[in-house]
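Participant: Next comes final-v9.pdb, PDB, C-alpha atoms:
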MODEL        1
ATOM      1  CA  MET A   1     -43.894   4.032 -13.117
ATOM      2  CA  LYS A   2     -40.129   4.470 -13.139
ATOM      3  CA  GLN A   3     -38.275   3.070 -16.109
ATOM      4  CA  ARG A   4     -36.134   0.115 -15.155
ATOM      5  CA  VAL A   5     -32.438   0.532 -15.654
ATOM      6  CA  GLN A   6     -30.897  -2.163 -17.826
ATOM      7  CA  THR A   7     -27.548  -3.756 -17.065
ATOM      8  CA  ASP A   8     -25.237  -5.924 -19.126
ATOM      9  CA  PHE A   9     -23.886  -7.791 -16.085
ATOM     10  CA  GLN A  10     -24.850 -11.458 -15.825
ATOM     11  CA  ILE A  11     -24.123 -14.212 -13.335
ATOM     12  CA  HIS A  12     -23.305 -17.755 -14.457
ATOM     13  CA  GLY A  13     -21.253 -19.384 -11.707
ATOM     14  CA  LEU A  14     -20.029 -22.900 -12.470
ATOM     15  CA  PHE A  15     -22.137 -23.607 -15.536
ATOM     16  CA  ALA A  16     -22.030 -25.656 -18.727
ATOM     17  CA  HIS A  17     -24.040 -25.171 -21.886
ATOM     18  CA  ARG A  18     -24.165 -26.319 -25.502
ATOM     19  CA  TRP A  19     -25.470 -24.391 -28.486
ATOM     20  CA  LYS A  20     -26.224 -26.638 -31.442
ATOM     21  CA  GLU A  21     -27.947 -24.226 -33.821
ATOM     22  CA  ARG A  22     -27.425 -20.643 -34.833
ATOM     23  CA  ARG A  23     -29.667 -18.314 -32.879
ATOM     24  CA  SER A  24     -32.311 -16.281 -34.694
ATOM     25  CA  SER A  25     -30.640 -13.149 -33.331
ATOM     26  CA  LEU A  26     -27.131 -12.703 -31.981
ATOM     27  CA  PRO A  27     -26.811 -11.874 -28.272
ATOM     28  CA  THR A  28     -26.142  -8.302 -27.205
ATOM     29  CA  PHE A  29     -23.012  -7.173 -25.396
ATOM     30  CA  HIS A  30     -22.851  -8.507 -21.868
ATOM     31  CA  ARG A  31     -20.405  -9.061 -18.993
ATOM     32  CA  HIS A  32     -20.010 -11.759 -16.380
ATOM     33  CA  ASN A  33     -17.426 -12.521 -13.727
ATOM     34  CA  GLU A  34     -16.403 -15.969 -14.910
ATOM     35  CA  ILE A  35     -13.607 -17.410 -17.004
ATOM     36  CA  GLU A  36     -15.280 -18.874 -20.083
ATOM     37  CA  LEU A  37     -14.067 -21.913 -22.018
ATOM     38  CA  ASN A  38     -15.557 -22.487 -25.460
ATOM     39  CA  LEU A  39     -15.028 -25.357 -27.866
ATOM     40  CA  LEU A  40     -16.266 -24.856 -31.433
ATOM     41  CA  ALA A  41     -17.056 -28.357 -32.660
ATOM     42  CA  ARG A  42     -18.139 -27.242 -36.140
ATOM     43  CA  GLY A  43     -19.181 -24.155 -38.061
ATOM     44  CA  SER A  44     -17.741 -20.670 -37.707
ATOM     45  CA  LEU A  45     -17.718 -18.220 -34.839
ATOM     46  CA  SER A  46     -16.210 -14.836 -34.036
ATOM     47  CA  TYR A  47     -16.322 -12.728 -30.877
ATOM     48  CA  THR A  48     -16.110  -9.029 -30.266
ATOM     49  CA  ILE A  49     -14.321  -8.594 -26.949
ATOM     50  CA  ALA A  50     -12.446  -5.671 -25.419
ATOM     51  CA  GLY A  51     -13.012  -3.725 -28.638
ATOM     52  CA  ARG A  52     -11.495  -6.367 -30.937
ATOM     53  CA  SER A  53     -12.960  -8.962 -33.274
ATOM     54  CA  VAL A  54     -11.494 -12.456 -32.829
ATOM     55  CA  ALA A  55     -12.214 -15.454 -35.064
ATOM     56  CA  ILE A  56     -12.459 -18.813 -33.257
ATOM     57  CA  ARG A  57     -10.802 -21.732 -34.991
ATOM     58  CA  PRO A  58     -12.975 -24.869 -35.374
ATOM     59  CA  ARG A  59     -12.149 -27.773 -33.070
ATOM     60  CA  THR A  60     -10.121 -25.407 -30.895
ATOM     61  CA  LEU A  61     -10.462 -24.680 -27.193
ATOM     62  CA  CYS A  62     -10.537 -20.953 -26.424
ATOM     63  CA  VAL A  63     -10.466 -19.186 -23.070
ATOM     64  CA  PHE A  64     -11.336 -15.626 -22.039
ATOM     65  CA  TRP A  65     -12.552 -13.643 -19.041
ATOM     66  CA  GLY A  66     -16.125 -12.388 -19.266
ATOM     67  CA  GLY A  67     -15.456  -9.198 -17.289
ATOM     68  CA  PHE A  68     -15.095  -7.205 -20.519
ATOM     69  CA  SER A  69     -18.227  -6.454 -22.525
ATOM     70  CA  HIS A  70     -18.356  -9.043 -25.295
ATOM     71  CA  ARG A  71     -20.723 -10.649 -27.753
ATOM     72  CA  ILE A  72     -20.837 -13.206 -30.540
ATOM     73  CA  ALA A  73     -20.260 -11.131 -33.663
ATOM     74  CA  ALA A  74     -20.863 -13.861 -36.271
ATOM     75  CA  TRP A  75     -22.031 -17.443 -36.043
ATOM     76  CA  ALA A  76     -22.840 -19.942 -38.798
ATOM     77  CA  ARG A  77     -23.782 -23.632 -38.470
ATOM     78  CA  GLY A  78     -22.261 -23.591 -35.003
ATOM     79  CA  ASP A  79     -21.968 -26.383 -32.482
ATOM     80  CA  ILE A  80     -20.444 -24.807 -29.389
ATOM     81  CA  TRP A  81     -19.616 -26.365 -26.037
ATOM     82  CA  SER A  82     -19.241 -23.788 -23.271
ATOM     83  CA  LEU A  83     -18.112 -23.873 -19.634
ATOM     84  CA  SER A  84     -17.852 -21.004 -17.162
ATOM     85  CA  ILE A  85     -15.576 -21.061 -14.101
ATOM     86  CA  PRO A  86     -16.018 -18.496 -11.272
ATOM     87  CA  LEU A  87     -13.155 -16.012 -11.228
ATOM     88  CA  THR A  88     -12.479 -16.627  -7.540
ATOM     89  CA  VAL A  89     -11.908 -20.324  -8.276
ATOM     90  CA  PHE A  90      -9.692 -19.561 -11.277
ATOM     91  CA  LEU A  91      -7.513 -17.082  -9.364
ATOM     92  CA  ALA A  92      -6.793 -19.695  -6.689
ATOM     93  CA  TRP A  93      -5.262 -22.113  -9.221
ATOM     94  CA  PRO A  94      -1.457 -22.289  -9.664
ATOM     95  CA  LEU A  95      -1.405 -20.760 -13.142
ATOM     96  CA  PRO A  96       1.402 -18.524 -14.468
ATOM     97  CA  ARG A  97       0.446 -14.913 -13.854
ATOM     98  CA  GLU A  98       2.512 -12.989 -16.367
ATOM     99  CA  THR A  99       1.887 -15.175 -19.401
ATOM    100  CA  PHE A 100      -1.623 -16.517 -18.737
ATOM    101  CA  VAL A 101      -3.677 -14.959 -15.938
ATOM    102  CA  TYR A 102      -2.817 -11.302 -16.572
ATOM    103  CA  PRO A 103      -3.422 -11.430 -20.348
ATOM    104  CA  LEU A 104      -6.843 -13.016 -19.755
ATOM    105  CA  LEU A 105      -7.718 -10.333 -17.201
ATOM    106  CA  HIS A 106      -6.764  -7.702 -19.732
ATOM    107  CA  GLY A 107      -9.048  -8.918 -22.488
ATOM    108  CA  GLU A 108      -6.944 -11.477 -24.369
ATOM    109  CA  LEU A 109      -8.721 -14.479 -25.860
ATOM    110  CA  LEU A 110      -6.339 -17.444 -25.781
ATOM    111  CA  GLN A 111      -6.695 -20.451 -28.102
ATOM    112  CA  GLU A 112      -5.176 -23.895 -28.193
ATOM    113  CA  ALA A 113      -2.477 -24.123 -30.875
ATOM    114  CA  ASP A 114      -2.272 -27.930 -31.130
ATOM    115  CA  PRO A 115      -5.155 -29.424 -33.200
ATOM    116  CA  SER A 116      -4.344 -32.943 -31.996
ATOM    117  CA  ARG A 117      -5.858 -32.105 -28.591
ATOM    118  CA  TRP A 118      -9.336 -31.732 -30.063
ATOM    119  CA  PRO A 119     -10.603 -35.245 -29.064
ATOM    120  CA  HIS A 120      -9.385 -34.763 -25.490
ATOM    121  CA  ASP A 121     -11.064 -31.348 -25.233
ATOM    122  CA  LEU A 122     -14.353 -32.701 -26.603
ATOM    123  CA  ASP A 123     -14.283 -35.522 -24.027
ATOM    124  CA  LEU A 124     -13.572 -32.974 -21.276
ATOM    125  CA  MET A 125     -16.501 -30.793 -22.297
ATOM    126  CA  ARG A 126     -18.826 -33.768 -22.442
ATOM    127  CA  ARG A 127     -17.793 -34.812 -18.922
ATOM    128  CA  CYS A 128     -18.275 -31.274 -17.651
ATOM    129  CA  HIS A 129     -21.802 -31.144 -19.045
ATOM    130  CA  ALA A 130     -22.627 -34.530 -17.557
ATOM    131  CA  ASP A 131     -21.160 -33.652 -14.160
ATOM    132  CA  LEU A 132     -23.064 -30.351 -13.992
ATOM    133  CA  GLY A 133     -26.322 -31.826 -15.228
ATOM    134  CA  ALA A 134     -29.143 -33.448 -13.346
ATOM    135  CA  GLY A 135     -27.971 -35.255 -10.242
ATOM    136  CA  ALA A 136     -24.723 -33.288 -10.001
ATOM    137  CA  THR A 137     -22.874 -33.798  -6.723
ATOM    138  CA  ALA A 138     -20.244 -31.760  -4.911
ATOM    139  CA  GLU A 139     -17.706 -34.540  -5.450
ATOM    140  CA  ARG A 140     -18.310 -34.559  -9.214
ATOM    141  CA  GLN A 141     -17.906 -30.785  -9.336
ATOM    142  CA  GLU A 142     -14.664 -30.997  -7.383
ATOM    143  CA  ILE A 143     -13.271 -33.596  -9.802
ATOM    144  CA  LEU A 144     -14.454 -31.511 -12.753
ATOM    145  CA  LEU A 145     -12.590 -28.458 -11.454
ATOM    146  CA  LEU A 146      -9.413 -30.490 -10.989
ATOM    147  CA  GLU A 147      -9.638 -31.689 -14.595
ATOM    148  CA  VAL A 148     -10.262 -28.177 -15.923
ATOM    149  CA  GLN A 149      -7.410 -26.796 -13.852
ATOM    150  CA  ALA A 150      -5.039 -29.406 -15.318
ATOM    151  CA  ARG A 151      -6.228 -28.565 -18.845
ATOM    152  CA  LEU A 152      -5.630 -24.857 -18.353
ATOM    153  CA  ARG A 153      -2.191 -25.503 -16.891
ATOM    154  CA  ARG A 154      -1.292 -27.375 -20.082
ATOM    155  CA  LEU A 155      -2.673 -24.537 -22.192
ATOM    156  CA  ALA A 156      -0.703 -22.019 -20.132
ATOM    157  CA  MET A 157       2.536 -23.818 -20.981
ATOM    158  CA  GLU A 158       2.005 -22.747 -24.602
ATOM    159  CA  CYS A 159       1.280 -19.091 -23.855
ATOM    160  CA  GLY A 160       4.745 -17.778 -23.007
ATOM    161  CA  HIS A 161       4.652 -15.499 -26.026
ATOM    162  CA  ILE A 162       1.661 -13.524 -24.755
ATOM    163  CA  ARG A 163       2.621 -10.015 -23.707
ATOM    164  CA  ALA A 164       1.982  -9.144 -20.065
ATOM    165  CA  VAL A 165       1.255  -5.481 -20.890
ATOM    166  CA  SER A 166      -1.245  -4.493 -23.534
ATOM    167  CA  GLU A 167      -0.585  -2.143 -26.421
ATOM    168  CA  HIS A 168      -2.597   0.500 -24.594
ATOM    169  CA  GLY A 169      -0.101   0.561 -21.727
ATOM    170  CA  VAL A 170      -2.476  -0.474 -18.932
ATOM    171  CA  GLU A 171      -0.839  -2.685 -16.332
ATOM    172  CA  PRO A 172      -2.743  -5.983 -16.090
ATOM    173  CA  ALA A 173      -0.756  -7.010 -13.006
ATOM    174  CA  ARG A 174      -2.256  -4.138 -11.019
ATOM    175  CA  VAL A 175      -5.739  -4.850 -12.317
ATOM    176  CA  ALA A 176      -5.363  -8.531 -11.451
ATOM    177  CA  ARG A 177      -4.324  -7.644  -7.893
ATOM    178  CA  MET A 178      -7.358  -5.409  -7.560
ATOM    179  CA  LEU A 179      -9.646  -8.141  -8.888
ATOM    180  CA  GLN A 180      -8.097 -10.649  -6.497
ATOM    181  CA  PHE A 181      -8.543  -8.281  -3.544
ATOM    182  CA  ILE A 182     -12.166  -7.559  -4.480
ATOM    183  CA  ALA A 183     -12.889 -11.287  -4.862
ATOM    184  CA  GLU A 184     -11.588 -11.848  -1.327
ATOM    185  CA  HIS A 185     -13.146  -8.790   0.365
ATOM    186  CA  TYR A 186     -16.281  -7.666  -1.533
ATOM    187  CA  ALA A 187     -18.534  -9.058   1.228
ATOM    188  CA  GLU A 188     -16.951  -6.772   3.821
ATOM    189  CA  THR A 189     -19.128  -3.771   4.614
ATOM    190  CA  GLY A 190     -17.346  -0.500   3.990
ATOM    191  CA  LEU A 191     -14.800  -1.731   1.458
ATOM    192  CA  THR A 192     -13.245   1.386  -0.076
ATOM    193  CA  VAL A 193     -11.447   2.375  -3.252
ATOM    194  CA  ARG A 194      -8.437   3.329  -1.128
ATOM    195  CA  GLU A 195      -8.176  -0.219   0.294
ATOM    196  CA  ILE A 196      -8.451  -1.783  -3.152
ATOM    197  CA  ALA A 197      -5.861   0.605  -4.581
ATOM    198  CA  LYS A 198      -3.486  -0.135  -1.702
ATOM    199  CA  ALA A 199      -3.628  -3.850  -2.545
ATOM    200  CA  ALA A 200      -2.348  -2.962  -6.035
ATOM    201  CA  GLN A 201       0.229  -0.505  -4.676
ATOM    202  CA  ALA A 202      -1.380   2.363  -6.589
ATOM    203  CA  ASN A 203      -2.908   5.687  -5.609
ATOM    204  CA  PRO A 204      -6.734   5.709  -5.642
ATOM    205  CA  SER A 205      -7.158   8.006  -8.654
ATOM    206  CA  TYR A 206      -4.788   5.973 -10.814
ATOM    207  CA  ALA A 207      -6.354   2.717  -9.595
ATOM    208  CA  MET A 208      -9.868   3.857 -10.513
ATOM    209  CA  GLU A 209      -8.775   5.036 -13.954
ATOM    210  CA  THR A 210      -6.819   1.836 -14.654
ATOM    211  CA  PHE A 211      -9.615  -0.391 -13.426
ATOM    212  CA  LYS A 212     -12.255   1.288 -15.570
ATOM    213  CA  GLU A 213     -10.030   1.251 -18.649
ATOM    214  CA  SER A 214      -9.429  -2.490 -18.230
ATOM    215  CA  CYS A 215     -12.853  -3.672 -17.057
ATOM    216  CA  GLY A 216     -15.159  -1.168 -18.727
ATOM    217  CA  VAL A 217     -16.934  -0.334 -15.470
ATOM    218  CA  SER A 218     -16.127   1.689 -12.361
ATOM    219  CA  MET A 219     -14.455  -0.061  -9.453
ATOM    220  CA  MET A 220     -17.346   0.323  -7.007
ATOM    221  CA  ARG A 221     -19.897  -0.627  -9.670
ATOM    222  CA  TYR A 222     -17.922  -3.837 -10.100
ATOM    223  CA  VAL A 223     -17.822  -4.406  -6.308
ATOM    224  CA  ASN A 224     -21.589  -4.003  -6.086
ATOM    225  CA  ASP A 225     -22.088  -6.386  -9.016
ATOM    226  CA  GLN A 226     -20.175  -9.027  -7.050
ATOM    227  CA  ARG A 227     -22.250  -8.345  -3.956
ATOM    228  CA  VAL A 228     -25.454  -8.772  -5.935
ATOM    229  CA  ALA A 229     -24.140 -12.062  -7.332
ATOM    230  CA  HIS A 230     -23.505 -13.233  -3.748
ATOM    231  CA  ALA A 231     -26.974 -12.107  -2.668
ATOM    232  CA  ARG A 232     -28.650 -13.867  -5.570
ATOM    233  CA  ARG A 233     -27.018 -17.153  -4.578
ATOM    234  CA  LEU A 234     -28.277 -16.764  -1.003
ATOM    235  CA  LEU A 235     -31.762 -15.715  -2.065
ATOM    236  CA  ALA A 236     -32.081 -18.684  -4.415
ATOM    237  CA  THR A 237     -30.610 -21.378  -2.176
ATOM    238  CA  THR A 238     -31.463 -20.408   1.445
ATOM    239  CA  ASP A 239     -34.413 -19.109   3.428
ATOM    240  CA  ALA A 240     -32.366 -16.311   5.007
ATOM    241  CA  LYS A 241     -34.097 -13.018   5.747
ATOM    242  CA  ILE A 242     -33.578 -10.166   3.287
ATOM    243  CA  LEU A 243     -31.682  -8.100   5.873
ATOM    244  CA  ASP A 244     -29.363 -11.005   6.662
ATOM    245  CA  VAL A 245     -28.687 -11.521   2.948
ATOM    246  CA  ALA A 246     -27.870  -7.828   2.529
ATOM    247  CA  MET A 247     -25.388  -7.868   5.393
ATOM    248  CA  ALA A 248     -23.799 -11.167   4.300
ATOM    249  CA  ALA A 249     -23.250  -9.766   0.794
ATOM    250  CA  GLY A 250     -21.483  -6.658   2.094
ATOM    251  CA  PHE A 251     -24.163  -3.981   1.791
ATOM    252  CA  GLY A 252     -24.100  -1.312   4.473
ATOM    253  CA  SER A 253     -27.858  -0.834   4.651
ATOM    254  CA  LEU A 254     -31.090  -2.419   3.512
ATOM    255  CA  SER A 255     -31.946   0.618   1.373
ATOM    256  CA  GLN A 256     -28.598   0.413  -0.450
ATOM    257  CA  PHE A 257     -29.149  -3.305  -1.039
ATOM    258  CA  HIS A 258     -32.616  -2.712  -2.517
ATOM    259  CA  ASN A 259     -31.423   0.108  -4.780
ATOM    260  CA  VAL A 260     -28.409  -1.772  -6.158
ATOM    261  CA  PHE A 261     -30.230  -5.096  -6.464
ATOM    262  CA  ARG A 262     -33.093  -3.512  -8.364
ATOM    263  CA  ARG A 263     -30.671  -1.783 -10.736
ATOM    264  CA  VAL A 264     -28.901  -5.045 -11.568
ATOM    265  CA  CYS A 265     -31.823  -7.494 -11.539
ATOM    266  CA  ASN A 266     -34.822  -5.332 -12.470
ATOM    267  CA  GLN A 267     -36.718  -6.675  -9.467
ATOM    268  CA  THR A 268     -36.607  -6.438  -5.690
ATOM    269  CA  PRO A 269     -34.753  -9.025  -3.572
ATOM    270  CA  ARG A 270     -38.078 -10.328  -2.276
ATOM    271  CA  GLU A 271     -39.451 -10.755  -5.797
ATOM    272  CA  TYR A 272     -36.271 -12.562  -6.807
ATOM    273  CA  ALA A 273     -36.469 -14.906  -3.818
ATOM    274  CA  ARG A 274     -40.106 -15.775  -4.506
ATOM    275  CA  ALA A 275     -39.277 -16.599  -8.123
ATOM    276  CA  HIS A 276     -36.175 -18.710  -7.464
ATOM    277  CA  ARG A 277     -36.459 -20.414  -4.086
ATOM    278  CA  PRO A 278     -37.675 -24.020  -4.242
ATOM    279  CA  LEU A 279     -41.127 -24.720  -2.941
ATOM    280  CA  PRO A 280     -41.413 -26.615   0.386
ATOM    281  CA  GLY A 281     -41.092 -30.321  -0.228
ATOM    282  CA  ASP A 282     -39.218 -29.940  -3.542
TER     283      ASP A 282
ENDMDL
END
Can the structure in the file be given as structure tokens, please?
Facilitator:
Amino acid sequence: MKQRVQTDFQIHGLFAHRWKERRSSLPTFHRHNEIELNLLARGSLSYTIAGRSVAIRPRTLCVFWGGFSHRIAAWARGDIWSLSIPLTVFLAWPLPRETFVYPLLHGELLQEADPSRWPHDLDLMRRCHADLGAGATAERQEILLLEVQARLRRLAMECGHIRAVSEHGVEPARVARMLQFIAEHYAETGLTVREIAKAAQANPSYAMETFKESCGVSMMRYVNDQRVAHARRLLATTDAKILDVAMAAGFGSLSQFHNVFRRVCNQTPREYARAHRPLPGD
């Protein structure tokens, strides 16, 4: 039997969660393609992200992009409210690029500086959890996203001091343009490195090097991760045929789809569909 290849890439989508007790073991490094909002209600918490350790202030909203490998480095007596927003949704919002979007896409973890906003942020998190819980509707999710967008726009007003270029000299503006282009075109069969690089006005070699330095993964590995995320949504929520799912997600062939999907998910598309699709009559 072939050994299954492990991956640190996860898929959350629009998702809310609350951790009320310290875990018996801290999670390993992982990546996901969502913007993550965390609110530490009590206790202590620190993250390792993009090679740095960052302490989270209690009763403080923090925001970061999950595309960099990250993990909880230390956690004691924690009560954490968490919300993930798909990157494609986040990039469509009218947020300042230089002082907010680009720093997040380059591994910055941004925190609220005004402690008086704690009650408002706790209320927001509670509403998000309620709206994404049992009986969630499309209208509730739409309202939730409007509220989160407004909150992040207020936070962005305070982030003018954040540098747009990191100390390592990588250009987050180019990486952000590549991420935006991939988010809009990953489902197109035959998407190439050259096309992605052109969107960032960079030559392919430089684009690949910059992308991997910023995101910790090769450009086409990242593209395929997004395609698998798309396929998983279709497999779990529709009765589409495996071939149709592969084509809709941007894979050029059924064999490529099976190989990539198995690498990411440790199971075949058919096995995944059987495990996640609702039974008839549910």
Participant: Once the PyMOL selection byres ((chain A and resi 14) around 7) is applied to the coordinates I shared, what remains selected? I want it as a tab-separated table (two decimals) with C-alpha atoms, in the frame of the given file.
Facilitator:
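Writing the result to expr08.tsv gives the following:
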chain	number	residue	atom	x	y	z
A	12	HIS	CA	-23.30	-17.76	-14.46
A	13	GLY	CA	-21.25	-19.38	-11.71
A	15	PHE	CA	-22.14	-23.61	-15.54
A	84	SER	CA	-17.85	-21.00	-17.16
A	85	ILE	CA	-15.58	-21.06	-14.10
A	86	PRO	CA	-16.02	-18.50	-11.27
Participant: Using all atoms listed in the file, which residue out of A:Cys128, A:Val101, A:Gln267, A:Ala248 lies closest to Ile35 (chain A)?
Facilitator: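 Nearest candidate to Ile35 (chain A) out of A:Cys128, A:Val101, A:Gln267, A:Ala248: A:Val101.
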Participant: Leu87 (chain A): which residues within 9 Å, counting only C-alpha atoms, same-chain residues fewer than 4 positions away excluded, as a list in words?
Facilitator: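 Skipping anything fewer than 4 positions along the chain leaves Gly13, Asn33, Glu34, Ile35, Trp65, Leu91, Ala92, Leu179, Gln180 and Ala183 of chain A.
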Participant: A:Thr60, A:Ser218, A:Thr268, A:Gln111: which is nearest Asp79 (chain A), counting only C-alpha atoms?
Facilitator: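 Smallest distance to Asp79 (chain A) is found for A:Thr60.
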Participant: Just how far from CA of Phe261 (chain A) is CA of Arg232 (chain A), in Å to one decimal?
Facilitator: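 Separation of CA of Arg232 (chain A) and CA of Phe261 (chain A): 9.0 Å.
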Participant: What's around Leu144 (chain A) at 12 Å? Count all atoms listed in the file, leave out sequence neighbours fewer than 5 positions away in its own chain, and write the answer as number ranges by chain.
Facilitator: A: 14-16, 83-85, 123-132, 136-139, 149-151
Participant: Identify all residues satisfying the PyMOL selection byres ((chain A and resi 100) around 12) in the given file; provide them as a VMD selection string.
Facilitator: chain A and resid 63 to 65 90 to 91 93 to 99 101 to 111 152 to 165 172 to 173 176
Participant: What is the distance between CA of Ile56 (chain A) and CA of Phe68 (chain A), in Å to one decimal?
Facilitator: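 So the two atoms, CA of Ile56 (chain A) and CA of Phe68 (chain A), lie 17.4 Å apart.
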Participant: Would you mind reading off the distance between CA of Pro269 (chain A) and CA of His70 (chain A), one decimal, in Å?
Facilitator: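 Answer for the CA of Pro269 (chain A) to CA of His70 (chain A) separation: 27.2 Å.
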Participant: Which is closest to Arg262 (chain A) among A:Val228, A:Trp19, A:Cys62, A:Ile196, if we use all atoms listed in the file?
Facilitator: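 Closest candidate: A:Val228.
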Participant: Could you expand the PyMOL selection byres ((chain A and resi 198) around 12) into the explicit residues it covers here, written as number ranges by chain?
Facilitator: A: 174-175, 177-178, 181-182, 191-197, 199-208
Participant: Write out as a list of chain:residue names which residues come within 9 Å of Ala249 (chain A) when counting only C-alpha atoms, dropping same-chain ones fewer than 6 positions away.
Facilitator: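 The residues satisfying every condition are A:Tyr186, A:Ala187, A:Glu188, A:Thr189, A:Gln226, A:Arg227, A:Val228, A:Ala229, A:His230, A:Ala231, A:Leu234, A:Phe257.
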Participant: Closest to Gly252 (chain A) among A:Gly190, A:Val217, A:Arg270, A:His185, using all atoms listed in the file?
Facilitator: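 Smallest separation from Gly252 (chain A) among the options: A:Gly190.
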Participant: Of the candidates A:Val54, A:Ser46, A:Gly133, A:Asn38, which shows the shortest atom-to-atom distance to Asp121 (chain A), using only C-alpha atoms?
Facilitator: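 For Asp121 (chain A), the nearest of the given residues is A:Asn38.
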Participant: Could you check the closest approach to Asp114 (chain A) for each of A:Glu271, A:Arg59, A:Phe211, A:Thr28 and tell me which residue wins, using all atoms listed in the file?
Facilitator: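 Counting all atoms listed in the file, the residue closest to Asp114 (chain A) is A:Arg59.
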Participant: Which protein, DNA or RNA residues are at most 7 Å from (-15.1, -22.2, -34.8) in the file's coordinates when you count only C-alpha atoms, listed as a ChimeraX atom specification?
Facilitator: /A:40-45,56-59
